[in-house]
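Chemist: upload-v5.cif is reproduced below (mmCIF, C-alpha atoms).
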data_query
#
loop_
_atom_site.group_PDB
_atom_site.id
_atom_site.type_symbol
_atom_site.label_atom_id
_atom_site.label_comp_id
_atom_site.auth_asym_id
_atom_site.auth_seq_id
_atom_site.Cartn_x
_atom_site.Cartn_y
_atom_site.Cartn_z
ATOM 1 C CA MET A 210 60.719 65.038 134.726
ATOM 2 C CA GLN A 211 63.792 63.867 136.594
ATOM 3 C CA ARG A 212 64.767 61.683 133.633
ATOM 4 C CA ILE A 213 64.576 64.685 131.287
ATOM 5 C CA ILE A 214 66.755 66.739 133.624
ATOM 6 C CA GLU A 215 69.348 63.966 133.782
ATOM 7 C CA LYS A 216 69.432 63.665 129.986
ATOM 8 C CA TYR A 217 69.817 67.427 129.678
ATOM 9 C CA LYS A 218 72.771 67.375 132.107
ATOM 10 C CA GLN A 219 74.421 64.567 130.135
ATOM 11 C CA PHE A 220 73.857 66.413 126.859
ATOM 12 C CA ASN A 221 75.147 69.681 128.298
ATOM 13 C CA TYR A 222 78.253 67.941 129.662
ATOM 14 C CA LYS A 223 79.003 66.357 126.273
ATOM 15 C CA GLU A 224 78.509 69.665 124.463
ATOM 16 C CA THR A 225 80.795 71.443 126.942
ATOM 17 C CA LYS A 226 83.442 68.771 126.507
ATOM 18 C CA ASN A 227 83.207 68.977 122.696
ATOM 19 C CA MET A 228 83.437 72.771 122.798
ATOM 20 C CA LYS A 229 86.566 72.560 124.965
ATOM 21 C CA LYS A 230 88.129 70.176 122.428
ATOM 22 C CA LEU A 231 87.233 72.544 119.577
ATOM 23 C CA PHE A 232 88.695 75.577 121.336
ATOM 24 C CA SER A 233 91.845 73.608 122.171
ATOM 25 C CA LEU A 234 92.224 72.634 118.502
ATOM 26 C CA ILE A 235 91.746 76.226 117.334
ATOM 27 C CA ALA A 236 94.294 77.474 119.885
ATOM 28 C CA ALA A 237 96.800 74.842 118.737
ATOM 29 C CA VAL A 238 96.376 75.824 115.087
ATOM 30 C CA LEU A 239 96.788 79.527 115.885
ATOM 31 C CA ALA A 240 99.852 78.812 117.987
ATOM 32 C CA ALA A 241 101.357 76.734 115.177
ATOM 33 C CA GLY A 242 100.741 79.588 112.747
ATOM 34 C CA THR A 243 102.376 82.057 115.084
ATOM 35 C CA MET A 244 105.434 79.888 115.629
ATOM 36 C CA GLN A 245 105.968 79.162 111.935
ATOM 37 C CA ALA A 246 105.376 82.608 110.448
ATOM 38 C CA GLN A 247 107.591 85.133 112.227
ATOM 39 C CA LEU A 248 111.165 85.358 111.011
ATOM 40 C CA ALA A 249 114.072 84.992 113.397
ATOM 41 C CA VAL A 250 116.757 87.669 113.534
ATOM 42 C CA GLY A 251 119.100 87.290 110.568
ATOM 43 C CA GLU A 252 116.640 85.348 108.415
ATOM 44 C CA PHE A 253 115.790 86.293 104.845
ATOM 45 C CA SER A 254 112.552 85.650 102.949
ATOM 46 C CA VAL A 255 110.795 86.329 99.649
ATOM 47 C CA ILE A 256 107.051 87.050 99.390
ATOM 48 C CA PRO A 257 105.396 86.799 95.939
ATOM 49 C CA LYS A 258 102.088 88.679 96.109
ATOM 50 C CA VAL A 259 99.073 89.706 94.056
ATOM 51 C CA GLY A 260 96.167 92.028 94.756
ATOM 52 C CA LEU A 261 93.959 94.971 93.866
ATOM 53 C CA ASN A 262 94.603 98.698 93.561
ATOM 54 C CA LEU A 263 91.979 101.333 94.323
ATOM 55 C CA ALA A 264 93.654 104.285 92.638
ATOM 56 C CA SER A 265 92.924 107.935 91.968
ATOM 57 C CA LEU A 266 94.677 111.258 91.349
ATOM 58 C CA THR A 267 94.494 114.250 93.671
ATOM 59 C CA ASN A 268 93.035 117.606 92.525
ATOM 60 C CA GLN A 269 90.786 116.059 89.879
ATOM 61 C CA ASP A 270 87.174 117.273 89.789
ATOM 62 C CA ASP A 271 84.391 114.671 89.461
ATOM 63 C CA SER A 272 86.933 111.864 89.799
ATOM 64 C CA LYS A 273 86.345 108.394 91.185
ATOM 65 C CA ILE A 274 88.305 105.237 91.948
ATOM 66 C CA ASN A 275 90.125 103.396 89.175
ATOM 67 C CA VAL A 276 90.301 99.658 89.994
ATOM 68 C CA GLY A 277 93.402 97.803 88.802
ATOM 69 C CA ILE A 278 95.688 94.922 89.669
ATOM 70 C CA THR A 279 99.099 94.783 91.295
ATOM 71 C CA ALA A 280 101.523 91.854 91.289
ATOM 72 C CA GLY A 281 105.154 91.210 92.121
ATOM 73 C CA ALA A 282 107.331 90.222 95.064
ATOM 74 C CA GLU A 283 109.091 91.629 98.117
ATOM 75 C CA ALA A 284 112.200 90.393 99.915
ATOM 76 C CA GLU A 285 112.570 90.909 103.670
ATOM 77 C CA TYR A 286 115.510 90.691 106.072
ATOM 78 C CA GLN A 287 114.833 90.484 109.817
ATOM 79 C CA VAL A 288 117.158 92.951 111.527
ATOM 80 C CA LEU A 289 115.755 92.713 115.078
ATOM 81 C CA ASP A 290 112.931 90.810 116.761
ATOM 82 C CA PHE A 291 110.623 93.758 116.154
ATOM 83 C CA LEU A 292 112.149 95.171 112.941
ATOM 84 C CA GLY A 293 112.484 93.934 109.379
ATOM 85 C CA VAL A 294 113.477 95.773 106.196
ATOM 86 C CA SER A 295 112.134 94.908 102.775
ATOM 87 C CA ALA A 296 112.429 95.889 99.134
ATOM 88 C CA GLY A 297 110.189 94.817 96.298
ATOM 89 C CA LEU A 298 109.305 95.016 92.639
ATOM 90 C CA MET A 299 105.589 95.485 91.873
ATOM 91 C CA TYR A 300 103.658 95.983 88.642
ATOM 92 C CA SER A 301 100.889 98.460 89.433
ATOM 93 C CA GLN A 302 97.820 99.604 87.463
ATOM 94 C CA GLN A 303 96.920 103.126 88.611
ATOM 95 C CA GLY A 304 95.240 106.270 87.275
ATOM 96 C CA VAL A 305 91.769 107.726 87.702
ATOM 97 C CA SER A 306 88.207 107.496 86.363
ATOM 98 C CA TYR A 307 85.703 110.313 85.998
ATOM 99 C CA ASP A 308 82.082 110.531 87.070
ATOM 100 C CA VAL A 309 80.581 111.592 83.736
ATOM 101 C CA GLU A 310 78.038 110.229 81.273
ATOM 102 C CA GLY A 311 79.833 107.409 79.527
ATOM 103 C CA THR A 312 83.363 106.339 80.418
ATOM 104 C CA GLU A 313 86.486 108.445 80.835
ATOM 105 C CA LYS A 314 89.698 107.034 82.295
ATOM 106 C CA VAL A 315 93.361 107.810 82.646
ATOM 107 C CA ASN A 316 95.320 104.552 82.950
ATOM 108 C CA LEU A 317 98.838 104.780 84.369
ATOM 109 C CA ASN A 318 100.891 101.596 84.662
ATOM 110 C CA TYR A 319 104.018 101.648 86.828
ATOM 111 C CA LEU A 320 106.842 99.406 87.928
ATOM 112 C CA ASN A 321 107.145 100.303 91.619
ATOM 113 C CA VAL A 322 110.011 99.589 94.009
ATOM 114 C CA PRO A 323 108.642 99.701 97.593
ATOM 115 C CA ILE A 324 111.341 99.999 100.267
ATOM 116 C CA THR A 325 109.934 99.751 103.784
ATOM 117 C CA ALA A 326 110.769 99.316 107.443
ATOM 118 C CA ASN A 327 108.470 96.720 109.022
ATOM 119 C CA PHE A 328 107.719 97.160 112.727
ATOM 120 C CA TYR A 329 106.323 94.012 114.389
ATOM 121 C CA VAL A 330 104.075 95.366 117.125
ATOM 122 C CA TYR A 331 102.693 91.884 117.880
ATOM 123 C CA PRO A 332 103.680 88.394 116.626
ATOM 124 C CA ASN A 333 102.932 88.317 112.867
ATOM 125 C CA LEU A 334 101.359 91.803 112.939
ATOM 126 C CA ALA A 335 103.498 94.513 111.327
ATOM 127 C CA LEU A 336 103.237 98.211 110.534
ATOM 128 C CA HIS A 337 105.002 99.408 107.370
ATOM 129 C CA ALA A 338 106.464 102.762 106.337
ATOM 130 C CA GLY A 339 109.031 103.799 103.752
ATOM 131 C CA LEU A 340 109.623 105.174 100.267
ATOM 132 C CA GLN A 341 108.474 103.880 96.876
ATOM 133 C CA PRO A 342 110.149 104.984 93.638
ATOM 134 C CA GLY A 343 108.026 104.213 90.586
ATOM 135 C CA PHE A 344 108.789 104.078 86.873
ATOM 136 C CA LEU A 345 106.094 104.744 84.283
ATOM 137 C CA LEU A 346 105.495 101.934 81.786
ATOM 138 C CA THR A 347 102.431 103.151 79.860
ATOM 139 C CA ALA A 348 99.960 106.040 80.038
ATOM 140 C CA THR A 349 96.686 106.210 78.094
ATOM 141 C CA ALA A 350 93.476 108.249 78.172
ATOM 142 C CA LYS A 351 90.283 106.396 77.209
ATOM 143 C CA SER A 352 86.778 107.687 76.568
ATOM 144 C CA GLU A 353 83.526 106.036 75.535
ATOM 145 C CA HIS A 354 80.311 107.958 74.900
ATOM 146 C CA GLY A 355 77.578 105.956 73.234
ATOM 147 C CA ASN A 356 79.038 104.425 70.082
ATOM 148 C CA THR A 357 82.026 106.749 70.110
ATOM 149 C CA LYS A 358 85.263 105.326 71.524
ATOM 150 C CA ALA A 359 88.713 106.894 71.661
ATOM 151 C CA GLU A 360 92.092 106.040 73.131
ATOM 152 C CA GLU A 361 95.160 108.265 73.235
ATOM 153 C CA ASN A 362 98.730 107.643 74.262
ATOM 154 C CA ILE A 363 99.596 110.388 76.770
ATOM 155 C CA LYS A 364 102.966 109.087 77.947
ATOM 156 C CA ASP A 365 104.712 112.237 76.681
ATOM 157 C CA ASN A 366 102.575 114.290 79.090
ATOM 158 C CA VAL A 367 103.319 112.166 82.173
ATOM 159 C CA GLU A 368 106.462 112.164 84.303
ATOM 160 C CA GLY A 369 108.478 108.992 83.899
ATOM 161 C CA PHE A 370 109.432 108.901 87.588
ATOM 162 C CA ASP A 371 107.054 108.839 90.557
ATOM 163 C CA LEU A 372 107.759 108.858 94.269
ATOM 164 C CA SER A 373 105.271 107.761 96.925
ATOM 165 C CA ILE A 374 105.247 107.108 100.662
ATOM 166 C CA PRO A 375 103.838 103.640 101.467
ATOM 167 C CA LEU A 376 102.063 103.278 104.826
ATOM 168 C CA GLY A 377 100.381 100.034 105.794
ATOM 169 C CA VAL A 378 99.711 97.056 108.001
ATOM 170 C CA SER A 379 100.074 93.316 107.434
ATOM 171 C CA TYR A 380 99.169 90.117 109.217
ATOM 172 C CA GLU A 381 100.728 86.712 108.620
ATOM 173 C CA TYR A 382 99.212 83.288 109.244
ATOM 174 C CA MET A 383 100.923 80.015 108.327
ATOM 175 C CA ASN A 384 103.243 81.966 105.948
ATOM 176 C CA VAL A 385 100.288 83.597 104.164
ATOM 177 C CA VAL A 386 100.676 87.385 104.335
ATOM 178 C CA PHE A 387 97.671 89.734 104.114
ATOM 179 C CA ASP A 388 98.739 93.320 103.414
ATOM 180 C CA ALA A 389 96.773 96.598 103.257
ATOM 181 C CA ARG A 390 98.756 99.638 102.197
ATOM 182 C CA TYR A 391 98.198 103.266 101.210
ATOM 183 C CA ASN A 392 100.668 104.838 98.768
ATOM 184 C CA LEU A 393 100.691 108.624 99.133
ATOM 185 C CA GLY A 394 102.113 110.358 96.057
ATOM 186 C CA VAL A 395 104.850 112.933 96.657
ATOM 187 C CA THR A 396 105.811 113.971 93.125
ATOM 188 C CA LYS A 397 103.541 115.489 90.481
ATOM 189 C CA VAL A 398 102.198 113.058 87.871
ATOM 190 C CA GLY A 399 102.005 115.326 84.814
ATOM 191 C CA LYS A 400 104.621 117.360 82.984
ATOM 192 C CA GLY A 401 104.169 121.127 82.831
ATOM 193 C CA ASP A 402 100.482 122.034 83.126
ATOM 194 C CA HIS A 403 99.317 118.464 82.533
ATOM 195 C CA PHE A 404 97.877 116.549 85.514
ATOM 196 C CA ASP A 405 98.669 118.917 88.369
ATOM 197 C CA SER A 406 98.001 115.910 90.596
ATOM 198 C CA ARG A 407 99.657 113.195 92.623
ATOM 199 C CA ASN A 408 99.004 109.478 92.806
ATOM 200 C CA SER A 409 96.752 108.206 95.596
ATOM 201 C CA VAL A 410 96.557 104.413 95.784
ATOM 202 C CA PHE A 411 95.041 102.025 98.320
ATOM 203 C CA MET A 412 96.468 98.532 97.769
ATOM 204 C CA ILE A 413 95.290 95.177 99.143
ATOM 205 C CA THR A 414 97.448 92.084 98.517
ATOM 206 C CA VAL A 415 97.867 88.481 99.601
ATOM 207 C CA GLY A 416 101.201 86.683 99.392
ATOM 208 C CA TYR A 417 103.131 83.655 100.602
ATOM 209 C CA ARG A 418 106.426 83.875 102.484
ATOM 210 C CA PHE A 419 109.298 81.591 101.457
ATOM 211 C CA ASN A 420 112.077 81.521 104.039
ATOM 212 C CA LEU A 421 115.530 81.297 102.475
ATOM 213 C CA ALA A 422 118.855 80.316 103.973
ATOM 214 C CA LEU A 423 121.667 82.838 103.518
#
Hey, can you dump this file as structure tokens for me?

Modeler:
Amino acid sequence: MQRIIEKYKQFNYKETKNMKKLFSLIAAVLAAGTMQAQLAVGEFSVIPKVGLNLASLTNQDDSKINVGITAGAEAEYQVLDFLGVSAGLMYSQQGVSYDVEGTEKVNLNYLNVPITANFYVYPNLALHAGLQPGFLLTATAKSEHGNTKAEENIKDNVEGFDLSIPLGVSYEYMNVVFDARYNLGVTKVGKGDHFDSRNSVFMITVGYRFNLAL
């Protein structure tokens, strides 16, 4: 019995020592990520990014999420330790789907220009808020019921300019930036009596920060 107890103590000591080494390694990696990611005051960077949109339009009965892609890049300048400003150019698939028998969709594709203030509340953790002008590229309405399919160009019924308020949060690790953002539409989507709605888009992206010398 004593021999078993001694072996257990030796095993427990080795496991504790190995766990301490593992935790030390994890802490070192996290610290390295923290030191490398955050910009210094006066530094400039570019972040190419890609992700998913979960989009819809307000005031639409029986509507559901329209899933699309978003891709582009943002440039950021670090004004203060806790404050950066950024501007970007993002291709964005938006619109809305409807909960009906078959398929009905309105697909709106924009070129968006997000302009945000980035508040670093913790190293590598930032809150974002700003304005986002958007420019309509294409607008189509699609329907599919059984063997019947139809597609219509509705660009003439949709405003060419859109304005949204982006609100979000991001976290950066080893220059990889994870961003979750909600774009709240301010302007009406449709012209006249068409689409008395505004864009509502939840966006999730991942990007990589390249630090540039000015």

Chemist: Compile a residue-level contact table for region 307-371 of chain A against region 382-386 of chain A at a cut-off of 12 Å, reporting for every qualifying residue the shortest atom pair and its distance in Å to one decimal, with all atoms listed in the file counted, rows ordered by chain and ascending number, as JSON lines.

Modeler:
{"residue": "A:Pro332", "atom": "CA", "partner": "A:Tyr382", "partner_atom": "CA", "distance": 10.0}
{"residue": "A:Asn333", "atom": "CA", "partner": "A:Tyr382", "partner_atom": "CA", "distance": 7.2}
{"residue": "A:Leu334", "atom": "CA", "partner": "A:Tyr382", "partner_atom": "CA", "distance": 9.5}
{"residue": "A:Ala335", "atom": "CA", "partner": "A:Val386", "partner_atom": "CA", "distance": 10.4}

Chemist: Using only C-alpha atoms - which residues lie no farther than 12 Å from the point (104.4, 101.3, 111.0) in the file's frame? Write them as a list in words.

Modeler: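 Counting only C-alpha atoms, I find these residues within 12 Å of (104.4, 101.3, 111.0): Phe291, Leu292, Gly293, Val294, Thr325, Ala326, Asn327, Phe328, Tyr329, Val330, Tyr331, Leu334, Ala335, Leu336, His337, Ala338, Gly339, Ile374, Pro375, Leu376, Gly377, Val378, Ser379, Ala389, Arg390 and Tyr391 of chain A.
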
Chemist: Could you please determine the separation between CA of Ala350 (chain A) and CA of Leu298 (chain A) in Å, to one decimal place?

Modeler: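 Those two atoms sit 25.2 Å apart.
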
Chemist: Give me the result of the PyMOL selection byres ((chain A and resi 419) around 7) on this file, residue by residue, as a list in words.

Modeler: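 Residues picked by the PyMOL selection byres ((chain A and resi 419) around 7): Ser254, Val255, Ile256, Tyr417, Arg418, Asn420 and Leu421 of chain A.
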
Chemist: Quote the spacing between CA of Asn316 (chain A) and CA of Lys351 (chain A) in Å to one decimal place.

Modeler: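 Computing the Euclidean distance for CA of Asn316 (chain A) and CA of Lys351 (chain A) yields 7.9 Å.
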
Chemist: Measuring between all atoms listed in the file, which one of A:Val250, A:Lys358, A:Thr267, A:Phe411 shows the shortest distance to Gln302 (chain A)?

Modeler: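 Closest to Gln302 (chain A) of all the choices is A:Phe411.
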
Chemist: Between A:Ala359, A:Ile274, A:Val322, A:Met412, which is the closest to Leu372 (chain A) once you count all atoms listed in the file?

Modeler: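 Ranked by minimum distance to Leu372 (chain A), first place goes to A:Val322.
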
Chemist: Starting from the PyMOL selection byres ((chain A and resi 364) around 9), expand the selection into actual residues of this file and give them as a PyMOL selection string.

Modeler: chain A and resi 317+345-349+362-363+365-369

Chemist: Do you have the CA of Met299 (chain A)-CA of Gly281 (chain A) distance handy?

Modeler: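 Computing it gives 4.3 Å between the two atoms.
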
Chemist: Can you give me, as a PyMOL selection string, the residues this file yields under the PyMOL selection byres ((chain A and resi 342) around 9)?

Modeler: chain A and resi 320-324+340-341+343-344+370-374

Chemist: Deliver the residues from the most recent selection as a file, using C-alpha atoms, as a PDB file, in the coordinates of the input.

Modeler:
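And here is the file that came out, selection-v8.pdb:
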ATOM      1  CA  LEU A 320     106.842  99.406  87.928  1.00  0.00           C
ATOM      2  CA  ASN A 321     107.145 100.303  91.619  1.00  0.00           C
ATOM      3  CA  VAL A 322     110.011  99.589  94.009  1.00  0.00           C
ATOM      4  CA  PRO A 323     108.642  99.701  97.593  1.00  0.00           C
ATOM      5  CA  ILE A 324     111.341  99.999 100.267  1.00  0.00           C
ATOM      6  CA  LEU A 340     109.623 105.174 100.267  1.00  0.00           C
ATOM      7  CA  GLN A 341     108.474 103.880  96.876  1.00  0.00           C
ATOM      8  CA  GLY A 343     108.026 104.213  90.586  1.00  0.00           C
ATOM      9  CA  PHE A 344     108.789 104.078  86.873  1.00  0.00           C
ATOM     10  CA  PHE A 370     109.432 108.901  87.588  1.00  0.00           C
ATOM     11  CA  ASP A 371     107.054 108.839  90.557  1.00  0.00           C
ATOM     12  CA  LEU A 372     107.759 108.858  94.269  1.00  0.00           C
ATOM     13  CA  SER A 373     105.271 107.761  96.925  1.00  0.00           C
ATOM     14  CA  ILE A 374     105.247 107.108 100.662  1.00  0.00           C
TER      15      ILE A 374
END

Chemist: Between A:Asp388, A:Glu285, A:Glu360, A:Asp405, which has the minimum distance to Leu261 (chain A) (counting all atoms listed in the file)?

Modeler: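 Among the listed residues, the smallest separation from Leu261 (chain A) belongs to A:Asp388.
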
Chemist: Would you list the residues near (97.0, 109.4, 89.7) (no more than 10 Å away, in the coordinates of the file, using only C-alpha atoms) as number ranges by chain?

Modeler: A: 264-269, 274-275, 303-306, 315-317, 394, 397-399, 404-410

Chemist: Quick one: write out the picked residues with C-alpha atoms as a CSV table (one decimal), in the frame of the given file?

Modeler:
chain,number,residue,atom,x,y,z
A,264,ALA,CA,93.7,104.3,92.6
A,265,SER,CA,92.9,107.9,92.0
A,266,LEU,CA,94.7,111.3,91.3
A,267,THR,CA,94.5,114.2,93.7
A,268,ASN,CA,93.0,117.6,92.5
A,269,GLN,CA,90.8,116.1,89.9
A,274,ILE,CA,88.3,105.2,91.9
A,275,ASN,CA,90.1,103.4,89.2
A,303,GLN,CA,96.9,103.1,88.6
A,304,GLY,CA,95.2,106.3,87.3
A,305,VAL,CA,91.8,107.7,87.7
A,306,SER,CA,88.2,107.5,86.4
A,315,VAL,CA,93.4,107.8,82.6
A,316,ASN,CA,95.3,104.6,83.0
A,317,LEU,CA,98.8,104.8,84.4
A,394,GLY,CA,102.1,110.4,96.1
A,397,LYS,CA,103.5,115.5,90.5
A,398,VAL,CA,102.2,113.1,87.9
A,399,GLY,CA,102.0,115.3,84.8
A,404,PHE,CA,97.9,116.5,85.5
A,405,ASP,CA,98.7,118.9,88.4
A,406,SER,CA,98.0,115.9,90.6
A,407,ARG,CA,99.7,113.2,92.6
A,408,ASN,CA,99.0,109.5,92.8
A,409,SER,CA,96.8,108.2,95.6
A,410,VAL,CA,96.6,104.4,95.8
